[in-house]
Structure formats: C-alpha cells, structure tokens
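*Asks:* Pasting a structure below so you can have a look.
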Amino acid sequence: MDYQKLADLLFPDNKYTVEEIEKKYPKRQLEKGAYVTRFAPSPTGFMHLGGFFSALIDFNIAKRSGGVFYLRIEDTDQKREISGASAVIMNILTGYGLTPDEYELKGGVTVGDYGPYYQTERKEIYKAYAKKLVSEGKAFPCFCKKTEGLNDVKKKREKKFSVGINEDKDPCRNLTLEQIEKNLKEKKKFAIRLRSNGDGVSKVKLYDTAKGEIEMTANCIDAILLKNDLMPTYHFAHAIDDTLMGTTVVVRGEEWLPSLPLHYEIFNALGFSQPKYIHTPLIYKFNEKGNKIKLSKRKHPEADMRFYEKEGYDKQAVMEYLINLINSNFENWRRANPTAELSEFPFNGFKITANTPIFDIVKLNDISKDVISRYSAEKCYEELLAWARENSAENVDYLVKDREYVTKVLNIDREKPKPRKDIYKWSMFFDLFDYMFGKPHNFEIEENKKSDFEDALREYKKYLNLSSKDAWFENVKKMANALGYATDNKDYKQNPEKYKGNVATVCEYIRVAITGRKNSPDLFEIMTLLGEKEVLERISEFA
RNA sequence: GGCCCCGUGGUCAAGUGGUUAAGACACCGCCCUUUCACGGCGGUAUCAUGGGUUCGAGUCCCGUCGGGGUCACCA
C-alpha cells in the first residue's frame, strides 16, 4: 500500500504541514521546575464541581511553580455546544481567582501565543497530523456507519460484552487503495482511525503522579482520531494540543484513567512524549439505597458551580472545602493560621489523596460559617450585596438604602474574639434575620406555656430597660423574681419544682415575642437595634 | 463480562515498617454564659477480609470481598 498516496487522496487540500505548524509552537521559555497546566472543558454552559476541582489543582500547580495556566475550550462536539458557554466558564474561573494566563473569548480577545484556544479553530492542525499518520501507515480511513451514540453503547453494555484479543480491530483497516478510491469517488464520508499495534494482552507501564506507577493492558482498539466531520476526538486533540501548547501536567478526572493506554499509543504514533498526569478522584454522593454514585448534573444540584453562586456560598469556603477533600492537613494549617489568605497555604497539587470522597454539604457549611465569621460586618455587607445583585434583585434596593442598619444587623455578636457562626451562605440572611426587617408571624411557643408566656410579657412592659446591657439584664432578673422564676441557678437546679422556671425561661419568652423563635443572637443587641418603640409593640401583641 | 482505580470511625482524612492509630464535621455528655450562641473539656466510633514477608504490618506482597470507573465518530 502506498500510504503517501493514500494520505494525499484523503487530504488533498490541507492548509499546513506538520513542520509548518510546529514552527509556530516553539518550546515555552520557562524557569526550571515551572509547570504548564490547562483547564479544558467542553462548552456546555455548565461547570461541574469536579471540573472546577481540577481547575483549582491546575491553577495551584502552575502558579506555585512560576508556570502557566491556560484555558482551552474543547468544542469539537458541535451538538453539545452552547453559545456563551465559554463566558460562563471564564466568569466562574475569575470569580474564584483562578484567572488563566492564556485564554480566548469567542469573538473577543485572545491572550497568549499558543492559540487558537478553541479546538474548532484548530481543525487544520489536527488534519495535518492525521495526514502524517496516514502517510506513515499508522492511521487509516474508516467508512463504516456511525454508532448511534449513547443509546447504542448502553445496549451493548447491558450485554456485558467482553473485549477479546484483536476483536476491536476495525475491518476498514484492510481496505485496499482501490476500494478507498471508489468510496471517495462516491463521496462517502470517512473517519480516521488509529492502526493499533496492541494485542490487548501485553502490559504497559504508565504513570500517574497521584497514584504512582500503573500497569495497564496495552490499547488494542483502532480508536477514532478524526470523526467523519474531520473534527478530532478528545484523544487525538489531547495528544496534539497538549504537546503543541506545552502542557507539562494534565489534571483530569479519574474517568480518563482507562484511556491512558490509548493516549500512550497515540503519543507514540505521533512521536510525542507524554506529559505528567494527575487523575483526580471523582466526587460521589450516596443514593437512597446507600450506594455511591457520581455527583451528577441531573441528580445533584451541588454538582453545578452555579449552585454555590445562587445559594451565596462564600467562594473561599468552597475552595477550602475542596482542598480539605483531598488533603486534610489543610485544616491543621487553617487552625494555626486562621486569618491567612488561602493562597498562603502550601498547596501541593501533586500530593492528593487517591480516595473517592463523598460530598458532604454539612462540612461545607461548617467551613463556610468559619470563613464568614472571620469577616468584618462591612465585608459581609459587601458580599451580601454582591450576591443579592445577581440572585435576589428584590432585596437590592433595601440593602442599598439601609446600608447602615443592615451592617449593624450583620455586626451582632461579630466583633468579639469568638464571633458567632450562624451564617453559612448569603441566601439565608433574610430568613435568619427576618425579625429584624419586620414583625414575626410565627411564634415558637408550646401551647401549655402560653399563659405563662403572656403573663411574663405583660409584666415585662414595666421592666423594659434598654439603657445598658447590665441594666437590661438586671431588670429581666427582677421581673423573673417577681413572677416566681428562679434567679439563683443552683437553687433552681436542685429544686426545680419550687419555680415556674428560671431566668432562661423568661428570656425565652421575651425572645420568642421579639423574634418569633427560640434561637437568636444576643437579645439586648437585637432590642437595641429594633428600638424601644418597636420592642414594646411586639410585646404588646401578647399582653 | 474484560480492563483499571480505590478500601483507616457515619463523613473527610493524617499516617511512607515500631504511634496510647492525629485532627475536622456530625452525634452524645459536662463546663462556661443566670438569655441565644461562640467557646472549652470529654465521650461513642476506624485500619474490609484471609494468607504471607518481617523480631515487628494500617503501612510491603498475594488472594478474596466490597465500592467505583471505563469499554461512543461525548468530552
């Protein structure tokens, strides 16, 4: 077979040769030890938590080594393309401070010399390499009918098929030049497949920086390199782009691990050497049956980065949670350095756990509470406002108009060595403090306590004193005493039957009347902010 | 089913041949606060399993079991 002739037949009008292309992509001039990483999502208008997770690792590896972090859009599957998706990706990345050094905005600027950064714009590059492989006999055209996508595959999987030796070699690999010419004359579309040398038995030693050496069965599949629209598959584009663009470390989800032998064979065929790989653990949740399942876009809102945006999770907290998932030394560091910037943490992207973590929103909440408790009231206000502008438009006017008051509310129990921690996302603010912005409607009081409750409130009108915290509390005690509630706690504990309750009980009644609930920050501060008139009105509701 | 990854408490995890097997979340108890919290102290609870190797194994090797991933002209 005259492979060169075949290559010319298949690709008569390629714009570039491989040599021409490689001239345009010189080796990057970087300090020794500097890593080049990339985030390479497909533009579906959705960013998965797991994708963000690898971007976080990418960013840290590049930035901490003085290297480059770039964004490449893998838009070769036109069916899935959503317009404006790349802007969404850039927004999230920059919002979290993971701004790429090189990127391209569709219809806008391109930053960086190793572009284009959209794969569809690199079509001629892939074609050049495909032609080269064909001319060397390492790839061949395939005229078969396409598989019908995911459904076909699923059916095949249900049969629990096993892949035997050489069974995956594609029949088209044996087509004669004449047959190919005939097909071409009939304008038949073709894909380009790798002519695999693998037997499906021999082993290859591969390496993952996080997992160590992995021995895998060599690839034996004549994998598609170029689809019949001549766009590359992930595998082919990965080899070419990451080589040309100088990627030294590829961080990607663990679902890619099984295709490592394929990538190994493609890199070899192309004469490229492989980058380092870090396959990150996938993030799971438990389903109803208690089985682990992948955090998925369809089933789990938390899989979508927009969820955290909408809910108003603190960005620092989301990142701290993720780092904590792969390395809990982080928590020790955080405790020792409670006010340090996240960027000061000696994050080692190469040393990540291989375990498969289960997403735990309770833990995220806790981290978020901690992060937010360290903020000043002013910072909280800014964050709250920023969140509201995007996600709660109806509250923006109010926040802007009553900035001072809102800041004071945010400041309750905050300016102290151990600040209160009850806010973990901004969307909860208005519910949590609803009583600061209007009279409560529901009151957490048991039916059998109602008469005591009302008696206490009636009496409290006489005792209300907001002149100082001490005076306020002194009066609460006086009233408690007058109504037969214990003011000596020890005595109360020993002889509870002697009393209707203790000061805590009285406080509970007042708290419920003012806030509607049994839990709230410091009562005196709340009453002071509300003002005497409002406080009396609320008490008078019951007395 | 083939191939591969993973297996320390309910969850996340430190641990790289000798530890009383850290820490955090959650849960429970006590203390502090004569309010709600914050906080402090303590508790329950873990090396999947069976064999090796070794004076010694959570750590190394093999098997088993369990969980997960993958097997598309999707990434």
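By convention here, the chains of the structure tokens are called A, B, ... in the order presented, each chain's residues are numbered starting at 1, and ligands are numbered starting at 1 in the order presented.
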Which residues come within 6 Å of segment 61-73 of chain B, counting only C-alpha atoms (C1' of nucleotides), excluding same-chain residues fewer than 2 positions away, as a ChimeraX atom specification?
*Replies:* /A:146,149,227,255,258
*Asks:* I want to know what sits within 12 Å of U16 of chain B, based on only C-alpha atoms (C1' of nucleotides), with residues of the same chain fewer than 3 positions away left out; could you give that as a compact mmCIF listing (two decimals) with C-alpha atoms (C1' of nucleotides), in the first residue's frame?
*Replies:*
# COMPACT_ATOMS: atom_id res chain seq x y z
C1' G B 58 -2.76 0.31 58.89
C1' U B 59 1.96 0.74 56.26
C1' C B 60 5.28 -4.27 51.78
*Asks:* Can you list, as an NGL selection string, every protein, DNA or RNA residue that comes within 9 Å of Thr76 of chain A when you count only C-alpha atoms (C1' of nucleotides), leaving out same-chain residues fewer than 4 positions away?
*Replies:* (:A and (42 or 80-81 or 118-120 or 123 or 231-234)) or (:B and (75))
*Asks:* Suppose you want the space between atom CA of Arg195 of chain A and atom CA of Ser259 of chain A; what is it in Å?
*Replies:*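 Result for atom CA of Arg195 of chain A versus atom CA of Ser259 of chain A: 15.9 Å, one decimal.
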*Asks:* Please provide as a short mmCIF file (atom, residue, chain, number, x, y, z; two decimals) with C-alpha atoms, in the first residue's frame all residues within 6 Å of Gly198 of chain A, with the sequence filter that same-chain residues fewer than 4 positions apart are discarded (counting only C-alpha atoms (C1' of nucleotides)).
*Replies:*
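Result file is out-v5.cif:
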data_model
loop_
_atom_site.label_atom_id
_atom_site.label_comp_id
_atom_site.auth_asym_id
_atom_site.auth_seq_id
_atom_site.Cartn_x
_atom_site.Cartn_y
_atom_site.Cartn_z
CA ALA A 218 -1.98 -2.01 26.14
CA ASN A 219 -4.55 -0.44 23.89
CA CYS A 220 -5.77 -2.68 21.09
#
*Asks:* Give me the chain B side of the contact with chain A, cut-off 12 Å, one line per residue showing its nearest atom pair and distance in Å at one decimal, counting only C-alpha atoms (C1' of nucleotides), sorted by chain and residue number, as JSON lines.
*Replies:*
{"residue": "B:G1", "atom": "C1'", "partner": "A:Lys160", "partner_atom": "CA", "distance": 4.8}
{"residue": "B:G2", "atom": "C1'", "partner": "A:Ser162", "partner_atom": "CA", "distance": 4.8}
{"residue": "B:C3", "atom": "C1'", "partner": "A:Thr217", "partner_atom": "CA", "distance": 6.8}
{"residue": "B:C4", "atom": "C1'", "partner": "A:Pro258", "partner_atom": "CA", "distance": 5.9}
{"residue": "B:C5", "atom": "C1'", "partner": "A:Leu257", "partner_atom": "CA", "distance": 7.9}
{"residue": "B:C6", "atom": "C1'", "partner": "A:Asn355", "partner_atom": "CA", "distance": 5.8}
{"residue": "B:G7", "atom": "C1'", "partner": "A:Asn355", "partner_atom": "CA", "distance": 8.2}
{"residue": "B:U8", "atom": "C1'", "partner": "A:Asn355", "partner_atom": "CA", "distance": 11.3}
{"residue": "B:G10", "atom": "C1'", "partner": "A:Asp360", "partner_atom": "CA", "distance": 11.4}
{"residue": "B:U11", "atom": "C1'", "partner": "A:Asp360", "partner_atom": "CA", "distance": 6.8}
{"residue": "B:C12", "atom": "C1'", "partner": "A:Leu325", "partner_atom": "CA", "distance": 5.8}
{"residue": "B:A13", "atom": "C1'", "partner": "A:Ser328", "partner_atom": "CA", "distance": 5.4}
{"residue": "B:A14", "atom": "C1'", "partner": "A:Asn329", "partner_atom": "CA", "distance": 6.9}
{"residue": "B:G15", "atom": "C1'", "partner": "A:Asn329", "partner_atom": "CA", "distance": 11.4}
{"residue": "B:A22", "atom": "C1'", "partner": "A:Asn332", "partner_atom": "CA", "distance": 10.0}
{"residue": "B:G23", "atom": "C1'", "partner": "A:Asn332", "partner_atom": "CA", "distance": 6.8}
{"residue": "B:A24", "atom": "C1'", "partner": "A:Glu331", "partner_atom": "CA", "distance": 6.7}
{"residue": "B:C25", "atom": "C1'", "partner": "A:Lys363", "partner_atom": "CA", "distance": 5.2}
{"residue": "B:A26", "atom": "C1'", "partner": "A:Val362", "partner_atom": "CA", "distance": 8.1}
{"residue": "B:U33", "atom": "C1'", "partner": "A:Ala504", "partner_atom": "CA", "distance": 11.0}
{"residue": "B:U34", "atom": "C1'", "partner": "A:Asn489", "partner_atom": "CA", "distance": 5.8}
{"residue": "B:U35", "atom": "C1'", "partner": "A:Cys507", "partner_atom": "CA", "distance": 5.1}
{"residue": "B:C36", "atom": "C1'", "partner": "A:Ser520", "partner_atom": "CA", "distance": 4.9}
{"residue": "B:A37", "atom": "C1'", "partner": "A:Pro521", "partner_atom": "CA", "distance": 6.2}
{"residue": "B:C38", "atom": "C1'", "partner": "A:Arg420", "partner_atom": "CA", "distance": 5.1}
{"residue": "B:G39", "atom": "C1'", "partner": "A:Lys418", "partner_atom": "CA", "distance": 6.9}
{"residue": "B:G40", "atom": "C1'", "partner": "A:Lys418", "partner_atom": "CA", "distance": 11.9}
{"residue": "B:G66", "atom": "C1'", "partner": "A:Asn291", "partner_atom": "CA", "distance": 11.3}
{"residue": "B:G67", "atom": "C1'", "partner": "A:Lys292", "partner_atom": "CA", "distance": 7.3}
{"residue": "B:G68", "atom": "C1'", "partner": "A:Lys292", "partner_atom": "CA", "distance": 7.6}
{"residue": "B:G69", "atom": "C1'", "partner": "A:Glu255", "partner_atom": "CA", "distance": 5.6}
{"residue": "B:U70", "atom": "C1'", "partner": "A:Pro258", "partner_atom": "CA", "distance": 5.7}
{"residue": "B:C71", "atom": "C1'", "partner": "A:Val163", "partner_atom": "CA", "distance": 7.9}
{"residue": "B:A72", "atom": "C1'", "partner": "A:Gly149", "partner_atom": "CA", "distance": 5.7}
{"residue": "B:C73", "atom": "C1'", "partner": "A:Lys227", "partner_atom": "CA", "distance": 4.4}
{"residue": "B:C74", "atom": "C1'", "partner": "A:Asp77", "partner_atom": "CA", "distance": 7.2}
{"residue": "B:A75", "atom": "C1'", "partner": "A:Tyr234", "partner_atom": "CA", "distance": 6.3}
*Asks:* Based on the selection just made, write C-alpha atoms (C1' of nucleotides) of those residues as an mmCIF file, in the first residue's frame.
*Replies:*
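Here's the written file out.cif:
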data_model
loop_
_atom_site.group_PDB
_atom_site.id
_atom_site.type_symbol
_atom_site.label_atom_id
_atom_site.label_comp_id
_atom_site.auth_asym_id
_atom_site.auth_seq_id
_atom_site.Cartn_x
_atom_site.Cartn_y
_atom_site.Cartn_z
ATOM 1 C "C1'" G B 1 -18.106 -9.666 31.470
ATOM 2 C "C1'" G B 2 -12.808 -7.560 30.171
ATOM 3 C "C1'" C B 3 -9.551 -3.818 31.810
ATOM 4 C "C1'" C B 4 -8.407 -0.363 35.623
ATOM 5 C "C1'" C B 5 -8.777 2.582 40.238
ATOM 6 C "C1'" C B 6 -9.992 2.723 45.418
ATOM 7 C "C1'" G B 7 -10.766 0.406 50.525
ATOM 8 C "C1'" U B 8 -8.263 3.884 58.199
ATOM 9 C "C1'" G B 10 -21.350 7.805 59.987
ATOM 10 C "C1'" U B 11 -18.349 11.611 56.605
ATOM 11 C "C1'" C B 12 -13.425 13.952 55.131
ATOM 12 C "C1'" A B 13 -8.824 12.464 56.475
ATOM 13 C "C1'" A B 14 -3.190 12.271 58.942
ATOM 14 C "C1'" G B 15 -0.146 8.148 58.710
ATOM 15 C "C1'" A B 22 -3.632 12.781 64.759
ATOM 16 C "C1'" G B 23 -7.243 16.371 63.518
ATOM 17 C "C1'" A B 24 -12.045 18.254 61.476
ATOM 18 C "C1'" C B 25 -17.503 17.607 60.610
ATOM 19 C "C1'" A B 26 -21.694 15.030 62.682
ATOM 20 C "C1'" U B 33 -22.587 32.140 79.804
ATOM 21 C "C1'" U B 34 -28.344 33.120 85.319
ATOM 22 C "C1'" U B 35 -30.521 34.867 77.557
ATOM 23 C "C1'" C B 36 -29.311 32.519 72.217
ATOM 24 C "C1'" A B 37 -24.918 31.336 70.650
ATOM 25 C "C1'" C B 38 -19.467 31.223 70.403
ATOM 26 C "C1'" G B 39 -16.101 28.649 73.154
ATOM 27 C "C1'" G B 40 -13.666 24.922 76.497
ATOM 28 C "C1'" G B 66 -16.798 -4.678 48.712
ATOM 29 C "C1'" G B 67 -17.299 0.125 46.265
ATOM 30 C "C1'" G B 68 -16.301 2.924 41.875
ATOM 31 C "C1'" G B 69 -14.749 3.998 36.811
ATOM 32 C "C1'" U B 70 -14.454 2.592 31.751
ATOM 33 C "C1'" C B 71 -15.335 -0.310 27.325
ATOM 34 C "C1'" A B 72 -19.152 6.164 21.721
ATOM 35 C "C1'" C B 73 -17.342 9.206 15.180
ATOM 36 C "C1'" C B 74 -19.109 12.591 24.085
ATOM 37 C "C1'" A B 75 -15.744 15.025 26.432
#
*Asks:* Extract, using only C-alpha atoms (C1' of nucleotides), all DNA, RNA and protein residues at most 10 Å from Leu466 of chain A, discarding same-chain residues fewer than 5 positions from it, and format them as a PyMOL selection string.
*Replies:* chain A and resi 471-473+475+524-525+527-528+531-532
*Asks:* Applying 10 Å and only C-alpha atoms (C1' of nucleotides), which residues near U44 of chain B remain after dropping the ones on its own chain fewer than 5 positions away? List them as a list in words.
*Replies:*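 Near neighbours after the sequence-gap exclusion: G9, C27 and C28 of chain B.
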*Asks:* Mind writing the picked residues with all heavy atoms as a tab-separated table (two decimals), in the first residue's frame?
*Replies:*
chain	number	residue	atom	x	y	z
B	9	G	P	-13.14	3.41	58.01
B	9	G	OP1	-13.93	2.23	57.63
B	9	G	OP2	-12.92	4.52	57.07
B	9	G	O5'	-13.75	4.05	59.34
B	9	G	C5'	-15.14	4.03	59.56
B	9	G	C4'	-15.38	4.28	61.03
B	9	G	O4'	-14.24	4.93	61.61
B	9	G	C3'	-16.58	5.20	61.31
B	9	G	O3'	-17.60	4.42	61.95
B	9	G	C2'	-16.06	6.26	62.28
B	9	G	O2'	-16.85	6.29	63.44
B	9	G	C1'	-14.68	5.75	62.65
B	9	G	N9	-13.69	6.80	62.87
B	9	G	C8	-13.26	7.77	62.01
B	9	G	N7	-12.34	8.55	62.53
B	9	G	C5	-12.18	8.05	63.82
B	9	G	C6	-11.32	8.48	64.86
B	9	G	O6	-10.50	9.41	64.85
B	9	G	N1	-11.45	7.69	65.99
B	9	G	C2	-12.33	6.64	66.10
B	9	G	N2	-12.33	5.99	67.27
B	9	G	N3	-13.13	6.22	65.14
B	9	G	C4	-13.00	6.97	64.05
B	27	C	P	-24.98	17.49	65.20
B	27	C	OP1	-26.37	17.95	65.05
B	27	C	OP2	-23.96	18.37	65.79
B	27	C	O5'	-24.96	16.11	66.00
B	27	C	C5'	-25.80	15.05	65.59
B	27	C	C4'	-25.50	13.82	66.42
B	27	C	O4'	-24.15	13.34	66.12
B	27	C	C3'	-25.44	14.06	67.92
B	27	C	O3'	-26.74	14.09	68.49
B	27	C	C2'	-24.63	12.86	68.38
B	27	C	O2'	-25.40	11.68	68.39
B	27	C	C1'	-23.58	12.77	67.28
B	27	C	N1	-22.35	13.51	67.62
B	27	C	C2	-21.40	12.88	68.44
B	27	C	O2	-21.63	11.74	68.85
B	27	C	N3	-20.27	13.54	68.77
B	27	C	C4	-20.07	14.78	68.32
B	27	C	N4	-18.94	15.40	68.67
B	27	C	C5	-21.03	15.45	67.48
B	27	C	C6	-22.14	14.79	67.16
B	28	C	P	-27.01	15.11	69.69
B	28	C	OP1	-28.47	15.16	69.85
B	28	C	OP2	-26.23	16.35	69.50
B	28	C	O5'	-26.38	14.34	70.94
B	28	C	C5'	-26.88	13.07	71.33
B	28	C	C4'	-25.99	12.49	72.40
B	28	C	O4'	-24.67	12.24	71.85
B	28	C	C3'	-25.70	13.42	73.58
B	28	C	O3'	-26.77	13.45	74.51
B	28	C	C2'	-24.43	12.80	74.14
B	28	C	O2'	-24.71	11.61	74.86
B	28	C	C1'	-23.69	12.45	72.86
B	28	C	N1	-22.77	13.51	72.43
B	28	C	C2	-21.51	13.61	73.05
B	28	C	O2	-21.24	12.79	73.95
B	28	C	N3	-20.65	14.59	72.68
B	28	C	C4	-21.01	15.45	71.73
B	28	C	N4	-20.12	16.39	71.40
B	28	C	C5	-22.27	15.39	71.08
B	28	C	C6	-23.12	14.42	71.45
*Asks:* Using backbone DSSP assignments, extract all strand (DSSP E or B) residues from segment 88-263 of chain A; output them as an NGL selection string.
*Replies:* :A and (102-104 or 110-111 or 118 or 139-142 or 191-194 or 203-208 or 212-217 or 224-226 or 232 or 249-253)
*Asks:* Where does DSSP see helix (DSSP H, G or I) in segment 127-354 of chain A, if you list the residues as a VMD selection string?
*Replies:* chain A and resid 127 to 135 150 to 158 171 to 174 177 to 185 234 to 244 254 to 270 301 to 303 305 to 311 315 to 326 329 to 336 342 to 344
*Asks:* Which value, in Å to one decimal, gives the distance between atom CA of Glu404 of chain A and atom CA of Leu529 of chain A?
*Replies:*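 Atom CA of Leu529 of chain A lies at a distance of 11.1 Å from atom CA of Glu404 of chain A.
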